[in-house]
Amino acid sequence: LFSQDDRSVAAEGACNKFSGSYTAGDRYSLRIGPLRSTRMACSDPATEQAFAAALETATHYDMDGPMLLLLSDGELRAVFQAAE
């Protein structure tokens, strides 16, 4: 969830919640973080780490209909579907 009002971001991984700030600029540039997270013990910590890394390493974004695509130097890192 991206909030334009205070430039904050909130996300839920498989077992932890993440929050932080973001900046968006010209040409779809995007920076997320630093992120804070809960510290729940996860059965697959590598997935949680990869999720956080995908968010924090994003350099750009794009939109494809209801989908938000996060990219890091041209490489697709994550895809999010808009909630109704």
# chains A, B, ... in the order shown; residues from 1 in each chain; ligands from 1

call {"tool": "select_by_dssp", "arguments": {"residues": "chain A", "states": "strand (DSSP E)", "output": "VMD selection string"}}
result
chain A and resid 2 to 3 8 to 12 17 to 24 30 to 37 60 to 64 67 to 72 75 to 81

call {"tool": "residues_around", "arguments": {"residues": "region 36-42 of chain A", "least_positions_apart": "2", "cutoff": "10 Å", "atoms": "only C-alpha atoms", "output": "MDAnalysis selection string"}}
result
chainID A and resid 10:21 33:34 44:48 52

call {"tool": "atom_distance", "arguments": {"atom1": "CA of Glu75 (chain A)", "atom2": "CA of Met63 (chain A)"}}
result
14.6 Å

call {"tool": "atom_distance", "arguments": {"atom1": "CA of Thr57 (chain A)", "atom2": "CA of Ser72 (chain A)"}}
result
6.0 Å

call {"tool": "select_by_dssp", "arguments": {"residues": "chain A", "states": "alpha helix (DSSP H)", "output": "number ranges by chain"}}
result
A: 45-56

call {"tool": "residues_around", "arguments": {"residues": "Ile32 (chain A)", "least_positions_apart": "4", "cutoff": "7 Å", "atoms": "only C-alpha atoms", "output": "number ranges by chain"}}
result
A: 21-23, 55-56, 58

call {"tool": "write_last_selection", "arguments": {"atoms": "all heavy atoms", "output": "PDB file, in the first residue's frame"}}
result
ATOM      1  N   SER A  21       9.252   4.516   3.989  1.00  0.00           N
ATOM      2  CA  SER A  21       8.914   5.667   3.158  1.00  0.00           C
ATOM      3  C   SER A  21       9.342   5.390   1.717  1.00  0.00           C
ATOM      4  O   SER A  21      10.072   4.436   1.447  1.00  0.00           O
ATOM      5  CB  SER A  21       9.617   6.921   3.682  1.00  0.00           C
ATOM      6  OG  SER A  21      11.015   6.737   3.639  1.00  0.00           O
ATOM      7  N   TYR A  22       8.854   6.234   0.823  1.00  0.00           N
ATOM      8  CA  TYR A  22       9.265   6.118  -0.571  1.00  0.00           C
ATOM      9  C   TYR A  22       9.343   7.495  -1.198  1.00  0.00           C
ATOM     10  O   TYR A  22       8.734   8.453  -0.710  1.00  0.00           O
ATOM     11  CB  TYR A  22       8.313   5.222  -1.373  1.00  0.00           C
ATOM     12  CG  TYR A  22       6.995   5.860  -1.724  1.00  0.00           C
ATOM     13  CD1 TYR A  22       6.836   6.544  -2.920  1.00  0.00           C
ATOM     14  CD2 TYR A  22       5.904   5.798  -0.866  1.00  0.00           C
ATOM     15  CE1 TYR A  22       5.621   7.143  -3.244  1.00  0.00           C
ATOM     16  CE2 TYR A  22       4.698   6.384  -1.182  1.00  0.00           C
ATOM     17  CZ  TYR A  22       4.564   7.058  -2.381  1.00  0.00           C
ATOM     18  OH  TYR A  22       3.374   7.653  -2.695  1.00  0.00           O
ATOM     19  N   THR A  23      10.092   7.594  -2.269  1.00  0.00           N
ATOM     20  CA  THR A  23      10.120   8.795  -3.096  1.00  0.00           C
ATOM     21  C   THR A  23       9.947   8.349  -4.540  1.00  0.00           C
ATOM     22  O   THR A  23      10.519   7.338  -4.966  1.00  0.00           O
ATOM     23  CB  THR A  23      11.443   9.583  -2.953  1.00  0.00           C
ATOM     24  OG1 THR A  23      12.545   8.722  -3.255  1.00  0.00           O
ATOM     25  CG2 THR A  23      11.607  10.141  -1.557  1.00  0.00           C
ATOM     26  N   LEU A  55      11.712  -4.838  -2.631  1.00  0.00           N
ATOM     27  CA  LEU A  55      11.190  -3.501  -2.358  1.00  0.00           C
ATOM     28  C   LEU A  55      12.312  -2.473  -2.253  1.00  0.00           C
ATOM     29  O   LEU A  55      12.273  -1.419  -2.889  1.00  0.00           O
ATOM     30  CB  LEU A  55      10.367  -3.509  -1.064  1.00  0.00           C
ATOM     31  CG  LEU A  55       9.079  -4.330  -1.071  1.00  0.00           C
ATOM     32  CD1 LEU A  55       8.481  -4.364   0.333  1.00  0.00           C
ATOM     33  CD2 LEU A  55       8.088  -3.793  -2.072  1.00  0.00           C
ATOM     34  N   GLU A  56      13.315  -2.772  -1.461  1.00  0.00           N
ATOM     35  CA  GLU A  56      14.373  -1.787  -1.183  1.00  0.00           C
ATOM     36  C   GLU A  56      15.324  -1.568  -2.354  1.00  0.00           C
ATOM     37  O   GLU A  56      15.992  -0.530  -2.392  1.00  0.00           O
ATOM     38  CB  GLU A  56      15.156  -2.188   0.060  1.00  0.00           C
ATOM     39  CG  GLU A  56      14.358  -2.006   1.330  1.00  0.00           C
ATOM     40  CD  GLU A  56      15.174  -2.225   2.577  1.00  0.00           C
ATOM     41  OE1 GLU A  56      15.869  -3.254   2.666  1.00  0.00           O
ATOM     42  OE2 GLU A  56      15.101  -1.367   3.468  1.00  0.00           O
ATOM     43  N   ALA A  58      14.303  -1.477  -5.547  1.00  0.00           N
ATOM     44  CA  ALA A  58      13.564  -0.919  -6.683  1.00  0.00           C
ATOM     45  C   ALA A  58      14.136   0.439  -7.062  1.00  0.00           C
ATOM     46  O   ALA A  58      14.438   1.267  -6.209  1.00  0.00           O
ATOM     47  CB  ALA A  58      12.083  -0.794  -6.340  1.00  0.00           C
TER      48      ALA A  58
END

call {"tool": "closest_residue", "arguments": {"among": "A:Ala24, A:Val79, A:Leu35, A:Leu1", "to": "Thr59 (chain A)", "atoms": "only C-alpha atoms"}}
result
A:Ala24

call {"tool": "closest_residue", "arguments": {"among": "A:Val9, A:Gln81, A:Gln49, A:Leu68", "to": "Arg31 (chain A)", "atoms": "only C-alpha atoms"}}
result
A:Val9

call {"tool": "decode", "arguments": {"residues": "region 10-39 of chain A", "atoms": "N, CA, C and O atoms", "output": "mmCIF file, in the first residue's frame"}}
result
data_model
loop_
_atom_site.group_PDB
_atom_site.id
_atom_site.type_symbol
_atom_site.label_atom_id
_atom_site.label_comp_id
_atom_site.auth_asym_id
_atom_site.auth_seq_id
_atom_site.Cartn_x
_atom_site.Cartn_y
_atom_site.Cartn_z
ATOM 1 N N ALA A 10 3.466 0.391 2.995
ATOM 2 C CA ALA A 10 3.234 -0.706 3.934
ATOM 3 C C ALA A 10 2.999 -1.963 3.109
ATOM 4 O O ALA A 10 2.319 -1.918 2.083
ATOM 5 N N ALA A 11 3.590 -3.068 3.538
ATOM 6 C CA ALA A 11 3.465 -4.327 2.799
ATOM 7 C C ALA A 11 3.461 -5.485 3.776
ATOM 8 O O ALA A 11 3.974 -5.381 4.889
ATOM 9 N N GLU A 12 2.887 -6.598 3.344
ATOM 10 C CA GLU A 12 2.872 -7.808 4.153
ATOM 11 C C GLU A 12 3.564 -8.919 3.384
ATOM 12 O O GLU A 12 3.177 -9.235 2.265
ATOM 13 N N GLY A 13 4.584 -9.487 4.004
ATOM 14 C CA GLY A 13 5.248 -10.650 3.443
ATOM 15 C C GLY A 13 4.508 -11.901 3.865
ATOM 16 O O GLY A 13 3.359 -11.847 4.309
ATOM 17 N N ALA A 14 5.164 -13.035 3.762
ATOM 18 C CA ALA A 14 4.541 -14.298 4.146
ATOM 19 C C ALA A 14 4.234 -14.344 5.638
ATOM 20 O O ALA A 14 3.234 -14.927 6.048
ATOM 21 N N CYS A 15 5.097 -13.738 6.468
ATOM 22 C CA CYS A 15 4.823 -13.769 7.912
ATOM 23 C C CYS A 15 5.181 -12.472 8.629
ATOM 24 O O CYS A 15 4.913 -12.345 9.809
ATOM 25 N N ASN A 16 5.754 -11.500 7.950
ATOM 26 C CA ASN A 16 6.107 -10.231 8.571
ATOM 27 C C ASN A 16 5.455 -9.067 7.839
ATOM 28 O O ASN A 16 5.118 -9.172 6.657
ATOM 29 N N LYS A 17 5.312 -7.967 8.555
ATOM 30 C CA LYS A 17 4.801 -6.726 7.979
ATOM 31 C C LYS A 17 5.964 -5.760 7.833
ATOM 32 O O LYS A 17 6.850 -5.712 8.683
ATOM 33 N N PHE A 18 5.950 -4.990 6.752
ATOM 34 C CA PHE A 18 7.004 -4.043 6.440
ATOM 35 C C PHE A 18 6.398 -2.655 6.295
ATOM 36 O O PHE A 18 5.275 -2.510 5.823
ATOM 37 N N SER A 19 7.155 -1.641 6.677
ATOM 38 C CA SER A 19 6.715 -0.263 6.486
ATOM 39 C C SER A 19 7.940 0.624 6.321
ATOM 40 O O SER A 19 9.040 0.282 6.746
ATOM 41 N N GLY A 20 7.716 1.754 5.679
ATOM 42 C CA GLY A 20 8.802 2.697 5.462
ATOM 43 C C GLY A 20 8.315 3.857 4.627
ATOM 44 O O GLY A 20 7.117 4.131 4.551
ATOM 45 N N SER A 21 9.252 4.516 3.989
ATOM 46 C CA SER A 21 8.914 5.667 3.158
ATOM 47 C C SER A 21 9.342 5.390 1.717
ATOM 48 O O SER A 21 10.072 4.436 1.447
ATOM 49 N N TYR A 22 8.854 6.234 0.823
ATOM 50 C CA TYR A 22 9.265 6.118 -0.571
ATOM 51 C C TYR A 22 9.343 7.495 -1.198
ATOM 52 O O TYR A 22 8.734 8.453 -0.710
ATOM 53 N N THR A 23 10.092 7.594 -2.269
ATOM 54 C CA THR A 23 10.120 8.795 -3.096
ATOM 55 C C THR A 23 9.947 8.349 -4.540
ATOM 56 O O THR A 23 10.519 7.338 -4.966
ATOM 57 N N ALA A 24 9.139 9.082 -5.255
ATOM 58 C CA ALA A 24 8.915 8.827 -6.681
ATOM 59 C C ALA A 24 9.279 10.092 -7.434
ATOM 60 O O ALA A 24 8.977 11.203 -6.990
ATOM 61 N N GLY A 25 9.955 9.921 -8.559
ATOM 62 C CA GLY A 25 10.414 11.075 -9.310
ATOM 63 C C GLY A 25 10.065 10.980 -10.778
ATOM 64 O O GLY A 25 9.170 10.232 -11.186
ATOM 65 N N ASP A 26 10.795 11.728 -11.582
ATOM 66 C CA ASP A 26 10.594 11.750 -13.024
ATOM 67 C C ASP A 26 10.877 10.387 -13.640
ATOM 68 O O ASP A 26 11.656 9.594 -13.093
ATOM 69 N N ARG A 27 10.249 10.151 -14.770
ATOM 70 C CA ARG A 27 10.483 8.930 -15.548
ATOM 71 C C ARG A 27 10.258 7.662 -14.734
ATOM 72 O O ARG A 27 11.009 6.701 -14.843
ATOM 73 N N TYR A 28 9.270 7.692 -13.865
ATOM 74 C CA TYR A 28 8.880 6.523 -13.071
ATOM 75 C C TYR A 28 9.969 6.048 -12.106
ATOM 76 O O TYR A 28 10.006 4.889 -11.735
ATOM 77 N N SER A 29 10.854 6.947 -11.705
ATOM 78 C CA SER A 29 11.874 6.545 -10.735
ATOM 79 C C SER A 29 11.228 6.326 -9.371
ATOM 80 O O SER A 29 10.224 6.952 -9.031
ATOM 81 N N LEU A 30 11.808 5.408 -8.595
ATOM 82 C CA LEU A 30 11.233 5.042 -7.305
ATOM 83 C C LEU A 30 12.333 4.574 -6.371
ATOM 84 O O LEU A 30 13.217 3.824 -6.772
ATOM 85 N N ARG A 31 12.255 5.023 -5.151
ATOM 86 C CA ARG A 31 13.136 4.546 -4.075
ATOM 87 C C ARG A 31 12.264 4.200 -2.883
ATOM 88 O O ARG A 31 11.428 5.004 -2.465
ATOM 89 N N ILE A 32 12.438 3.016 -2.330
ATOM 90 C CA ILE A 32 11.679 2.564 -1.166
ATOM 91 C C ILE A 32 12.652 2.281 -0.035
ATOM 92 O O ILE A 32 13.659 1.617 -0.235
ATOM 93 N N GLY A 33 12.322 2.790 1.152
ATOM 94 C CA GLY A 33 13.125 2.449 2.316
ATOM 95 C C GLY A 33 13.813 3.639 2.914
ATOM 96 O O GLY A 33 13.705 4.747 2.415
ATOM 97 N N PRO A 34 14.482 3.362 4.006
ATOM 98 C CA PRO A 34 14.688 2.044 4.606
ATOM 99 C C PRO A 34 13.379 1.498 5.183
ATOM 100 O O PRO A 34 12.512 2.255 5.592
ATOM 101 N N LEU A 35 13.265 0.183 5.178
ATOM 102 C CA LEU A 35 12.071 -0.485 5.676
ATOM 103 C C LEU A 35 12.265 -0.967 7.101
ATOM 104 O O LEU A 35 13.360 -1.373 7.481
ATOM 105 N N ARG A 36 11.182 -0.920 7.850
ATOM 106 C CA ARG A 36 11.119 -1.539 9.169
ATOM 107 C C ARG A 36 10.258 -2.791 9.021
ATOM 108 O O ARG A 36 9.409 -2.850 8.141
ATOM 109 N N SER A 37 10.477 -3.769 9.876
ATOM 110 C CA SER A 37 9.636 -4.964 9.795
ATOM 111 C C SER A 37 9.423 -5.556 11.174
ATOM 112 O O SER A 37 10.198 -5.320 12.096
ATOM 113 N N THR A 38 8.341 -6.325 11.262
ATOM 114 C CA THR A 38 8.149 -7.113 12.465
ATOM 115 C C THR A 38 9.202 -8.218 12.437
ATOM 116 O O THR A 38 9.839 -8.445 11.410
ATOM 117 N N ARG A 39 9.391 -8.910 13.520
ATOM 118 C CA ARG A 39 10.445 -9.933 13.617
ATOM 119 C C ARG A 39 9.875 -11.298 13.966
ATOM 120 O O ARG A 39 10.374 -11.985 14.838
#
